[in-house]
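Structure file query_4.tsv; described as TSV, C-alpha atoms and all ligand atoms.
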```
chain	number	residue	atom	x	y	z
D	1	MET	CA	1.02	2.53	21.03
D	2	ILE	CA	-1.68	0.13	19.92
D	3	LEU	CA	-4.17	0.98	17.20
D	4	THR	CA	-7.22	-1.26	17.22
D	5	ILE	CA	-9.58	-1.42	14.28
D	6	LYS	CA	-12.69	-3.01	15.69
D	7	GLY	CA	-15.52	-4.31	13.53
D	8	ILE	CA	-15.35	-1.42	11.07
D	9	ASN	CA	-18.11	-1.32	8.46
D	10	LYS	CA	-18.69	1.32	5.82
D	11	LYS	CA	-21.73	1.36	3.59
D	12	PHE	CA	-22.39	3.64	0.62
D	13	LYS	CA	-26.11	3.17	-0.11
D	14	ASP	CA	-26.21	-0.52	-1.08
D	15	LYS	CA	-22.41	-0.93	-1.44
D	16	ILE	CA	-20.46	-2.36	1.52
D	17	ALA	CA	-16.98	-0.90	0.95
D	18	VAL	CA	-15.51	-2.13	4.28
D	19	ASN	CA	-16.95	-5.23	5.86
D	20	ASP	CA	-16.34	-6.05	9.55
D	21	PHE	CA	-12.65	-5.17	9.45
D	22	ASN	CA	-10.70	-6.13	12.59
D	23	ALA	CA	-6.96	-5.62	13.12
D	24	THR	CA	-4.51	-4.67	15.84
D	25	LEU	CA	-1.47	-2.61	14.86
D	26	ASN	CA	1.68	-1.77	16.84
D	27	THR	CA	4.72	0.32	15.89
D	28	GLY	CA	5.97	-0.70	12.43
D	29	ILE	CA	5.02	-0.71	8.77
D	30	TYR	CA	1.79	-2.31	7.61
D	31	GLY	CA	1.10	-2.88	3.94
D	32	LEU	CA	-2.59	-2.78	3.05
D	33	LEU	CA	-2.72	-4.84	-0.10
D	34	GLY	CA	-5.70	-5.15	-2.41
D	35	LEU	CA	-6.85	-4.67	-5.96
D	36	ASN	CA	-8.60	-1.48	-7.07
D	37	GLY	CA	-11.95	-1.18	-5.35
D	38	ALA	CA	-11.03	-3.50	-2.44
D	39	GLY	CA	-11.90	-0.77	0.07
D	40	LYS	CA	-8.41	0.43	1.00
D	41	THR	CA	-9.05	4.16	0.52
D	42	THR	CA	-12.34	3.94	2.38
D	43	LEU	CA	-10.67	2.28	5.38
D	44	LEU	CA	-7.73	4.72	5.37
D	45	ARG	CA	-10.09	7.71	5.23
D	46	ILE	CA	-11.83	6.39	8.33
D	47	LEU	CA	-8.48	5.91	10.07
D	48	ALA	CA	-7.44	9.43	9.05
D	49	ASP	CA	-10.73	10.71	10.50
D	50	VAL	CA	-11.82	12.40	7.29
D	51	SER	CA	-14.72	9.96	6.97
D	52	ASN	CA	-16.94	8.24	9.50
D	53	GLU	CA	-17.47	4.53	9.86
D	54	SER	CA	-21.04	3.22	9.51
D	55	SER	CA	-20.39	1.01	12.54
D	56	GLY	CA	-17.51	-0.31	14.62
D	57	CYS	CA	-14.78	1.80	16.22
D	58	ILE	CA	-11.12	2.83	16.13
D	59	LEU	CA	-9.22	2.71	19.42
D	60	VAL	CA	-5.82	4.12	20.36
D	61	ASP	CA	-4.47	2.44	23.47
D	62	GLY	CA	-8.05	1.50	24.24
D	63	LYS	CA	-9.47	5.01	23.81
D	64	ASN	CA	-12.14	5.61	21.19
D	65	LYS	CA	-11.34	7.90	18.23
D	66	LYS	CA	-14.68	9.65	18.77
D	67	ASP	CA	-13.92	10.45	22.41
D	68	LEU	CA	-10.36	11.56	21.64
D	69	GLY	CA	-11.57	14.05	18.97
D	70	GLU	CA	-8.86	16.66	18.28
D	71	LYS	CA	-6.33	14.60	20.29
D	72	TYR	CA	-6.84	11.75	17.80
D	73	ARG	CA	-6.26	14.03	14.81
D	74	GLU	CA	-3.02	15.27	16.40
D	75	LEU	CA	-1.74	11.71	16.27
D	76	ILE	CA	-2.44	11.35	12.56
D	77	GLY	CA	-0.38	12.17	9.47
D	78	TYR	CA	-2.23	11.50	6.22
D	79	LEU	CA	-1.12	11.37	2.62
D	80	PRO	CA	-4.30	11.00	0.53
D	81	GLN	CA	-4.22	9.68	-3.03
D	82	ASP	CA	-4.77	13.18	-4.30
D	83	VAL	CA	-3.18	15.83	-2.10
D	84	GLY	CA	-4.66	18.76	-4.02
D	85	PHE	CA	-1.44	20.76	-4.28
D	86	TYR	CA	-1.67	24.38	-5.38
D	87	LYS	CA	0.48	24.47	-8.51
D	88	ASN	CA	1.49	28.08	-8.00
D	89	PHE	CA	2.66	27.54	-4.44
D	90	SER	CA	6.31	26.83	-3.77
D	91	ALA	CA	7.10	23.72	-1.67
D	92	GLU	CA	7.90	25.95	1.29
D	93	LYS	CA	4.74	28.05	0.97
D	94	PHE	CA	2.63	24.92	0.75
D	95	LEU	CA	4.15	23.54	3.96
D	96	TYR	CA	3.50	26.84	5.79
D	97	TYR	CA	-0.07	26.65	4.55
D	98	VAL	CA	-0.47	23.10	5.95
D	99	CYS	CA	1.08	24.29	9.25
D	100	ALA	CA	-1.62	26.95	9.46
D	101	LEU	CA	-4.31	24.34	8.81
D	102	LYS	CA	-2.86	22.08	11.50
D	103	GLY	CA	-2.58	24.90	14.02
D	104	ILE	CA	1.24	24.85	14.10
D	105	SER	CA	2.77	28.26	14.88
D	106	LYS	CA	5.04	29.99	12.32
D	107	GLU	CA	8.12	29.67	14.58
D	108	GLU	CA	7.55	26.00	15.27
D	109	GLY	CA	6.60	25.48	11.61
D	110	LYS	CA	9.84	27.02	10.34
D	111	ILE	CA	11.98	24.59	12.33
D	112	LYS	CA	9.88	21.63	11.24
D	113	ILE	CA	9.78	22.73	7.56
D	114	ASP	CA	13.56	23.16	7.40
D	115	GLU	CA	14.05	19.74	8.97
D	116	LEU	CA	11.50	17.97	6.74
D	117	LEU	CA	12.62	19.55	3.46
D	118	LYS	CA	16.08	18.23	4.25
D	119	PHE	CA	14.69	14.85	5.22
D	120	VAL	CA	12.73	14.40	1.97
D	121	ASN	CA	15.60	15.82	-0.07
D	122	LEU	CA	13.74	18.88	-1.38
D	123	GLU	CA	15.79	21.52	0.35
D	124	LYS	CA	17.22	22.97	-2.85
D	125	ASP	CA	13.75	22.96	-4.46
D	126	ARG	CA	11.97	24.70	-1.59
D	127	LYS	CA	11.34	27.90	-3.57
D	128	ARG	CA	10.28	26.12	-6.77
D	129	LYS	CA	6.64	26.01	-7.79
D	130	ILE	CA	4.96	22.66	-7.21
D	131	GLY	CA	3.57	22.79	-10.77
D	132	LYS	CA	7.15	22.15	-11.95
D	133	PHE	CA	7.71	19.13	-9.66
D	134	SER	CA	8.00	15.50	-10.87
D	135	GLY	CA	5.65	12.84	-9.47
D	136	GLY	CA	8.33	11.65	-7.06
D	137	MET	CA	9.02	15.18	-5.79
D	138	LYS	CA	5.31	15.72	-5.18
D	139	GLN	CA	5.08	12.45	-3.25
D	140	ARG	CA	8.06	13.45	-1.11
D	141	LEU	CA	6.43	16.81	-0.46
D	142	GLY	CA	3.25	14.91	0.39
D	143	ILE	CA	5.17	12.89	2.96
D	144	ALA	CA	6.67	16.08	4.40
D	145	GLN	CA	3.22	17.67	4.86
D	146	ALA	CA	1.97	14.49	6.54
D	147	LEU	CA	4.89	14.61	8.99
D	148	LEU	CA	4.58	18.28	9.99
D	149	ASN	CA	2.74	17.53	13.22
D	150	ASP	CA	5.15	14.69	14.11
D	151	PRO	CA	2.36	12.09	13.89
D	152	LYS	CA	2.48	8.79	15.72
D	153	ILE	CA	0.24	7.20	13.08
D	154	LEU	CA	1.15	7.78	9.45
D	155	ILE	CA	-1.40	6.85	6.79
D	156	LEU	CA	-0.23	6.70	3.18
D	157	ASP	CA	-2.72	5.98	0.40
D	158	GLU	CA	-0.96	4.47	-2.64
D	159	PRO	CA	2.15	6.57	-2.03
D	160	THR	CA	4.16	5.02	-4.85
D	161	ALA	CA	1.54	5.43	-7.59
D	162	GLY	CA	3.09	7.03	-10.66
D	163	LEU	CA	6.68	6.88	-9.41
D	164	ASP	CA	9.53	5.60	-11.56
D	165	PRO	CA	11.69	2.73	-10.20
D	166	ASN	CA	14.36	5.05	-8.78
D	167	GLU	CA	11.82	7.26	-7.05
D	168	ARG	CA	10.16	4.12	-5.70
D	169	ILE	CA	13.38	2.96	-4.05
D	170	ARG	CA	14.04	6.41	-2.59
D	171	PHE	CA	10.50	6.57	-1.28
D	172	LYS	CA	10.71	3.11	0.32
D	173	ASN	CA	13.94	4.05	2.09
D	174	LEU	CA	12.27	7.20	3.37
D	175	ILE	CA	9.34	5.24	4.77
D	176	ALA	CA	11.64	2.70	6.43
D	177	ASP	CA	13.48	5.60	8.07
D	178	ILE	CA	10.28	7.19	9.35
D	179	SER	CA	8.76	4.06	10.80
D	180	LYS	CA	11.05	3.61	13.83
D	181	ASP	CA	8.63	5.06	16.36
D	182	LYS	CA	5.41	5.15	14.37
D	183	ILE	CA	2.60	3.04	13.06
D	184	VAL	CA	2.83	3.40	9.29
D	185	ILE	CA	-0.05	2.10	7.17
D	186	LEU	CA	0.59	2.07	3.47
D	187	SER	CA	-1.90	0.96	0.85
D	188	THR	CA	-0.86	-0.48	-2.47
D	189	HIS	CA	-1.71	-2.98	-5.14
D	190	ILE	CA	1.96	-3.42	-6.02
D	191	ILE	CA	3.54	-6.19	-4.00
D	192	SER	CA	7.16	-5.08	-4.53
D	193	ASP	CA	6.34	-1.81	-2.73
D	194	ILE	CA	5.94	-3.64	0.54
D	195	GLU	CA	7.99	-6.79	0.01
D	196	PHE	CA	11.02	-5.70	1.99
D	197	ILE	CA	9.71	-2.97	4.25
D	198	ALA	CA	6.37	-4.13	5.66
D	199	ASN	CA	6.40	-5.85	9.03
D	200	GLU	CA	2.98	-7.19	8.25
D	201	VAL	CA	0.75	-7.35	5.21
D	202	LEU	CA	-3.00	-6.92	5.50
D	203	VAL	CA	-4.68	-8.46	2.49
D	204	MET	CA	-8.01	-6.85	1.68
D	205	LYS	CA	-10.52	-8.26	-0.74
D	206	ASP	CA	-14.05	-6.94	-1.37
D	207	GLY	CA	-13.95	-4.92	1.86
D	208	VAL	CA	-12.87	-7.89	3.97
D	209	LEU	CA	-9.52	-8.48	5.68
D	210	VAL	CA	-8.54	-11.94	4.44
D	211	GLU	CA	-5.05	-12.21	5.98
D	212	GLN	CA	-2.80	-10.34	8.40
D	213	LEU	CA	0.63	-11.95	8.22
D	214	THR	CA	4.33	-11.11	8.00
D	215	PRO	CA	5.72	-11.29	4.44
D	216	ASN	CA	7.52	-14.53	5.39
D	217	GLN	CA	4.37	-16.07	6.82
D	218	MET	CA	2.55	-15.12	3.63
D	219	ILE	CA	5.18	-16.84	1.57
D	220	GLU	CA	4.81	-19.95	3.73
D	221	THR	CA	1.07	-20.08	2.92
D	222	VAL	CA	1.94	-20.88	-0.71
D	223	ARG	CA	4.87	-23.23	-0.08
D	224	GLY	CA	4.32	-26.39	-2.10
D	225	LYS	CA	1.90	-24.55	-4.40
D	226	VAL	CA	4.52	-23.10	-6.76
D	227	CYS	CA	6.16	-25.14	-9.51
D	228	SER	CA	7.64	-24.73	-12.94
D	229	ILE	CA	7.54	-26.80	-16.11
D	230	ASN	CA	9.23	-26.64	-19.46
D	231	ILE	CA	6.81	-26.68	-22.37
D	232	ASN	CA	6.67	-26.00	-26.08
D	233	GLU	CA	5.39	-22.57	-27.03
D	234	GLU	CA	2.18	-23.92	-28.56
D	235	MET	CA	1.11	-25.35	-25.18
D	236	LEU	CA	1.31	-21.98	-23.44
D	237	HIS	CA	-2.20	-20.87	-24.29
D	238	ASN	CA	-3.78	-23.96	-22.71
D	239	ILE	CA	-1.60	-23.71	-19.61
D	240	GLN	CA	-2.50	-20.04	-19.14
D	241	ARG	CA	-6.17	-20.86	-19.49
D	242	GLU	CA	-6.09	-23.56	-16.82
D	243	PHE	CA	-3.45	-22.33	-14.37
D	244	LYS	CA	-2.22	-19.14	-12.74
D	245	VAL	CA	1.07	-18.36	-14.45
D	246	SER	CA	3.39	-16.08	-12.49
D	247	ASN	CA	6.33	-16.05	-14.91
D	248	ILE	CA	7.37	-17.24	-18.36
D	249	ALA	CA	11.00	-17.43	-19.48
D	250	ARG	CA	12.74	-18.89	-22.54
D	251	GLU	CA	15.10	-21.77	-21.78
D	252	ASN	CA	16.91	-23.77	-24.48
D	253	GLY	CA	14.22	-23.29	-27.09
D	254	LYS	CA	11.41	-24.12	-24.66
D	255	LEU	CA	9.35	-22.03	-22.27
D	256	ALA	CA	9.90	-22.35	-18.52
D	257	VAL	CA	6.51	-21.57	-17.02
D	258	ARG	CA	6.04	-20.83	-13.33
D	259	ILE	CA	2.65	-21.88	-11.99
D	260	VAL	CA	0.89	-21.05	-8.72
D	261	GLY	CA	-2.08	-22.92	-7.35
D	262	ASP	CA	-3.44	-25.94	-5.54
D	263	GLU	CA	-3.29	-28.03	-8.68
D	264	ARG	CA	-0.39	-28.88	-10.94
D	265	PRO	CA	-0.34	-29.61	-14.64
D	266	ASN	CA	0.00	-33.25	-15.56
D	267	ILE	CA	1.61	-33.34	-18.99
D	268	LEU	CA	3.08	-36.54	-20.32
D	269	GLY	CA	6.87	-36.34	-20.59
D	270	THR	CA	7.26	-33.13	-18.56
D	271	VAL	CA	8.39	-32.85	-14.98
D	272	CYS	CA	6.94	-30.33	-12.52
D	273	ARG	CA	9.75	-28.81	-10.44
D	274	ASP	CA	9.04	-27.40	-6.99
D	275	GLU	CA	9.95	-23.72	-6.74
D	276	GLU	CA	10.80	-21.48	-3.79
D	277	PRO	CA	7.74	-19.22	-3.41
D	278	ASN	CA	7.92	-15.41	-3.39
D	279	LEU	CA	5.45	-12.61	-2.70
D	280	GLU	CA	4.51	-12.26	-6.37
D	281	ASP	CA	3.28	-15.86	-6.19
D	282	VAL	CA	1.34	-15.03	-3.02
D	283	PHE	CA	-0.36	-12.12	-4.75
D	284	LEU	CA	-1.39	-14.27	-7.68
D	285	TYR	CA	-2.60	-17.02	-5.37
D	286	TYR	CA	-4.79	-14.70	-3.27
D	287	PHE	CA	-6.14	-12.58	-6.06
D	288	ASN	CA	-6.83	-15.54	-8.31
D	289	ASP	CA	-8.20	-14.74	-11.72
D	290	GLU	CA	-8.52	-11.01	-11.11
D	291	ALA	CA	-4.74	-10.61	-11.09
D	292	LYS	CA	-3.22	-11.11	-14.50
D	293	LEU	CA	0.40	-11.57	-15.39
D	294	GLU	CA	1.60	-8.22	-16.66
D	295	GLY	CA	4.34	-8.02	-19.25
D	296	GLY	CA	5.51	-10.72	-21.60
D	297	ILE	CA	8.06	-13.48	-21.72
D	298	SER	CA	11.36	-12.75	-19.98
D	299	ASN	CA	14.51	-13.98	-21.65
D	301	LIG	N1	-18.34	7.92	-1.95
D	301	LIG	C1	-18.65	6.72	-2.44
D	301	LIG	N2	-19.91	6.43	-2.87
D	301	LIG	C2	-20.24	5.22	-3.34
D	301	LIG	N3	-19.37	4.19	-3.46
D	301	LIG	C3	-18.09	4.41	-3.08
D	301	LIG	C4	-17.67	5.67	-2.55
D	301	LIG	N4	-16.35	5.58	-2.24
D	301	LIG	C5	-15.97	4.33	-2.56
D	301	LIG	N5	-17.02	3.62	-3.06
D	301	LIG	C6	-16.99	2.22	-3.50
D	301	LIG	O1	-16.46	1.44	-2.44
D	301	LIG	C7	-15.58	0.43	-2.97
D	301	LIG	C8	-14.21	0.58	-2.34
D	301	LIG	O2	-13.58	1.75	-2.86
D	301	LIG	P1	-12.14	2.25	-2.39
D	301	LIG	O3	-11.83	3.50	-3.13
D	301	LIG	O4	-12.11	2.29	-0.92
D	301	LIG	O5	-11.22	1.06	-2.90
D	301	LIG	P2	-9.64	1.01	-3.04
D	301	LIG	O6	-9.23	-0.34	-2.60
D	301	LIG	O7	-9.03	2.16	-2.36
D	301	LIG	O8	-9.46	1.14	-4.58
D	301	LIG	P3	-8.50	2.16	-5.40
D	301	LIG	O9	-7.15	1.58	-5.29
D	301	LIG	O10	-9.07	2.08	-6.77
D	301	LIG	O11	-8.67	3.50	-4.77
D	301	LIG	C9	-15.60	0.58	-4.47
D	301	LIG	O12	-16.53	-0.31	-5.00
D	301	LIG	C10	-16.05	2.02	-4.68
D	301	LIG	O13	-16.72	2.16	-5.91
```

Kindly transcribe the structure held in the file into structure tokens.
Amino acid sequence: MILTIKGINKKFKDKIAVNDFNATLNTGIYGLLGLNGAGKTTLLRILADVSNESSGCILVDGKNKKDLGEKYRELIGYLPQDVGFYKNFSAEKFLYYVCALKGISKEEGKIKIDELLKFVNLEKDRKRKIGKFSGGMKQRLGIAQALLNDPKILILDEPTAGLDPNERIRFKNLIADISKDKIVILSTHIISDIEFIANEVLVMKDGVLVEQLTPNQMIETVRGKVCSININEEMLHNIQREFKVSNIARENGKLAVRIVGDERPNILGTVCRDEEPNLEDVFLYYFNDEAKLEGGISN
């Protein structure tokens, strides 16, 4: 299956949220990466057919979303940022409710619900009220509801938001498992969420697709632009002001500072060492000054 996003534009009054977005997606996992407000949700809502594009079109194997109508929606599984769970519903009741909305019969639904609750590891919690679920459990239930109609295109909007590290790993494994015969599109602003599972990363900035590359290709785009230097602590402030710092660590009483960018510091008596780039460096490079180093100095 080939999903073609062709010249998609979305305008809200005078705001262009998605700007001439073009991409071709095959089976596999695609990470849609961008800062808050980049236009990810807007694009995913258009792909999920809950919002209309201002112009452009979405094609599945060359057929227009608008002409396919209901047939298009049957291909889609969608996990929005806010699912709108009913707190008093049990997991099982909620899934039956979604089946009804999707036009899946009770008999067919029962088989699918049993299978999916097992798959997302919520079988023993099926009778529990969603109001008592953790963030990770809710996300797994969200995935289950998106998979009820066995979609060929799975759209996940910030699926790892609010998950703890363990839940994140479990969730990533689940996605990798699902993606064998599907197009999975997953939006995030956290690079580690897609580092090892995405076949391709689509970098979105101010509504525009700026790159569509494999994680390795992305890393290659910053090769030669990552270095580290050892400095005294009092120099850190100046370095941070002038360069993009991706990591700071203490080393023998000095600070080892990792820097990303086209330019390198030229400090008398210090040597700039070339470093092997990683996706964190890529993120910092693409998102420039908007992305700030979170956390402090690692020891
Ligand atoms: N209904 C709307 N009316 C007006 N402006 C909107 C509307 N929806 C989104 N926008 C604007 O479009 C831009 C893109 O928003 P969008 O939610 O798609 O970004 P995002 O990348 O998903 O960010 P986030 O991660 O914060 O959800 C933002 O500037 C947002 O304020």

Who sits within 10 Å of Glu263 of chain D, only C-alpha atoms, same chain under 4 positions skipped, as a PDB file with C-alpha atoms, in the frame of the given file:
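Contents of the output file part_27.pdb:
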```
ATOM      1  CA  LYS D 225       1.900 -24.550  -4.400  1.00  0.00           C
ATOM      2  CA  VAL D 226       4.520 -23.100  -6.760  1.00  0.00           C
ATOM      3  CA  CYS D 227       6.160 -25.140  -9.510  1.00  0.00           C
ATOM      4  CA  GLU D 242      -6.090 -23.560 -16.820  1.00  0.00           C
ATOM      5  CA  PHE D 243      -3.450 -22.330 -14.370  1.00  0.00           C
ATOM      6  CA  LYS D 244      -2.220 -19.140 -12.740  1.00  0.00           C
ATOM      7  CA  ILE D 259       2.650 -21.880 -11.990  1.00  0.00           C
TER       8      ILE D 259
END
```

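Near segment 128-143 of chain D, within a cut-off of 8 Å and counting only C-alpha atoms, sit the residues Leu79, Val83, Phe85, Tyr86, Lys87, Asn88, Phe89, Ser90, Ala91, Leu117, Val120, Asn121, Leu122, Pro159, Thr160, Gly162, Leu163, Asp164, Glu167, Arg168 and Phe171 of chain D, with same-chain residues fewer than 6 positions away left out.
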
Could those residues be written to a file, using C-alpha atoms, as an mmCIF file, in the frame of the given file?
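Saved result, part24.cif, follows:
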```cif
data_model
loop_
_atom_site.group_PDB
_atom_site.id
_atom_site.type_symbol
_atom_site.label_atom_id
_atom_site.label_comp_id
_atom_site.auth_asym_id
_atom_site.auth_seq_id
_atom_site.Cartn_x
_atom_site.Cartn_y
_atom_site.Cartn_z
ATOM 1 C CA LEU D 79 -1.120 11.370 2.620
ATOM 2 C CA VAL D 83 -3.180 15.830 -2.100
ATOM 3 C CA PHE D 85 -1.440 20.760 -4.280
ATOM 4 C CA TYR D 86 -1.670 24.380 -5.380
ATOM 5 C CA LYS D 87 0.480 24.470 -8.510
ATOM 6 C CA ASN D 88 1.490 28.080 -8.000
ATOM 7 C CA PHE D 89 2.660 27.540 -4.440
ATOM 8 C CA SER D 90 6.310 26.830 -3.770
ATOM 9 C CA ALA D 91 7.100 23.720 -1.670
ATOM 10 C CA LEU D 117 12.620 19.550 3.460
ATOM 11 C CA VAL D 120 12.730 14.400 1.970
ATOM 12 C CA ASN D 121 15.600 15.820 -0.070
ATOM 13 C CA LEU D 122 13.740 18.880 -1.380
ATOM 14 C CA PRO D 159 2.150 6.570 -2.030
ATOM 15 C CA THR D 160 4.160 5.020 -4.850
ATOM 16 C CA GLY D 162 3.090 7.030 -10.660
ATOM 17 C CA LEU D 163 6.680 6.880 -9.410
ATOM 18 C CA ASP D 164 9.530 5.600 -11.560
ATOM 19 C CA GLU D 167 11.820 7.260 -7.050
ATOM 20 C CA ARG D 168 10.160 4.120 -5.700
ATOM 21 C CA PHE D 171 10.500 6.570 -1.280
#
```

Open item on the list: Let me make sure I understand: among D:Ser54, D:Asn9, D:Gln81, D:Ser246, which one has the smallest atom-to-atom distance to ligand LIG 301 (chain D) if we use all atoms listed in the file?
Closed with: D:Gln81

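Residue nearest ligand LIG 301 (chain D), chosen from D:Leu75, D:Ala198, D:Met204, D:Ile2 and counting only C-alpha atoms and all ligand atoms: D:Met204.
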
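Using all atoms listed in the file, the smallest distance between any of D:Asp206, D:Glu275, D:Asp193, D:Asp181 and Arg223 of chain D comes from D:Glu275.
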
Contacts of ligand LIG 301 (chain D), 12 Å or closer, all atoms listed in the file, given as a CSV table (one decimal) with C-alpha atoms, in the coordinates of the input:
```
chain,number,residue,atom,x,y,z
D,9,ASN,CA,-18.1,-1.3,8.5
D,10,LYS,CA,-18.7,1.3,5.8
D,11,LYS,CA,-21.7,1.4,3.6
D,12,PHE,CA,-22.4,3.6,0.6
D,13,LYS,CA,-26.1,3.2,-0.1
D,14,ASP,CA,-26.2,-0.5,-1.1
D,15,LYS,CA,-22.4,-0.9,-1.4
D,16,ILE,CA,-20.5,-2.4,1.5
D,17,ALA,CA,-17.0,-0.9,1.0
D,18,VAL,CA,-15.5,-2.1,4.3
D,19,ASN,CA,-17.0,-5.2,5.9
D,32,LEU,CA,-2.6,-2.8,3.0
D,33,LEU,CA,-2.7,-4.8,-0.1
D,34,GLY,CA,-5.7,-5.2,-2.4
D,35,LEU,CA,-6.8,-4.7,-6.0
D,36,ASN,CA,-8.6,-1.5,-7.1
D,37,GLY,CA,-12.0,-1.2,-5.4
D,38,ALA,CA,-11.0,-3.5,-2.4
D,39,GLY,CA,-11.9,-0.8,0.1
D,40,LYS,CA,-8.4,0.4,1.0
D,41,THR,CA,-9.0,4.2,0.5
D,42,THR,CA,-12.3,3.9,2.4
D,43,LEU,CA,-10.7,2.3,5.4
D,44,LEU,CA,-7.7,4.7,5.4
D,45,ARG,CA,-10.1,7.7,5.2
D,46,ILE,CA,-11.8,6.4,8.3
D,51,SER,CA,-14.7,10.0,7.0
D,52,ASN,CA,-16.9,8.2,9.5
D,80,PRO,CA,-4.3,11.0,0.5
D,81,GLN,CA,-4.2,9.7,-3.0
D,82,ASP,CA,-4.8,13.2,-4.3
D,156,LEU,CA,-0.2,6.7,3.2
D,157,ASP,CA,-2.7,6.0,0.4
D,158,GLU,CA,-1.0,4.5,-2.6
D,159,PRO,CA,2.2,6.6,-2.0
D,160,THR,CA,4.2,5.0,-4.8
D,161,ALA,CA,1.5,5.4,-7.6
D,186,LEU,CA,0.6,2.1,3.5
D,187,SER,CA,-1.9,1.0,0.8
D,188,THR,CA,-0.9,-0.5,-2.5
D,189,HIS,CA,-1.7,-3.0,-5.1
D,190,ILE,CA,2.0,-3.4,-6.0
D,203,VAL,CA,-4.7,-8.5,2.5
D,204,MET,CA,-8.0,-6.8,1.7
D,205,LYS,CA,-10.5,-8.3,-0.7
D,206,ASP,CA,-14.0,-6.9,-1.4
D,207,GLY,CA,-14.0,-4.9,1.9
D,208,VAL,CA,-12.9,-7.9,4.0
D,209,LEU,CA,-9.5,-8.5,5.7
```

Task: Straight-line distance linking atom CA of Ala249 of chain D with atom CA of Asn230 of chain D, stated in Å to one decimal - done: 9.4 Å

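With all atoms listed in the file as the atoms that count, the minimum distance from Lys65 of chain D to the choices D:Lys182, D:Arg264, D:Arg241, D:Lys6 is reached by D:Lys6.
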
Open item on the list: Taking 3 positions as the minimum chain separation for residues in the same chain, which residues sit within 12 Å of Arg258 of chain D when counting all atoms listed in the file? Answer as a ChimeraX atom specification.
Closed with: /D:225-231,236,239-240,243-250,255,261,264-265,272-278,280-281,284,293,297-298

TODO: For Ile5 of chain D, list every protein, DNA or RNA residue within 10 Å, evaluated using only C-alpha atoms, and leave out those in the same chain fewer than 2 positions away; present the list as a ChimeraX atom specification.
DONE: /D:2-3,7-8,20-25,43,47,56-60

Axis-aligned box for segment 69-82 of chain D, 8 Å per side, centre and edges in Å as JSON:
```
{"center_x": -6.0, "center_y": 13.2, "center_z": 8.0, "size_x": 27.2, "size_y": 23.0, "size_z": 40.6}
```

Open item on the list: Within 12 Å of (2.5, 21.4, 4.8) in the file's own coordinates, which protein, DNA or RNA residues have an atom, counting all atoms listed in the file? List them as a VMD selection string.
Closed with: chain D and resid 77 to 79 83 to 86 89 to 104 106 109 to 110 112 to 114 116 to 117 126 138 140 to 150

Task: atom CA of Leu202 of chain D to atom CA of Thr221 of chain D, straight-line distance in Å - done: 14.0 Å
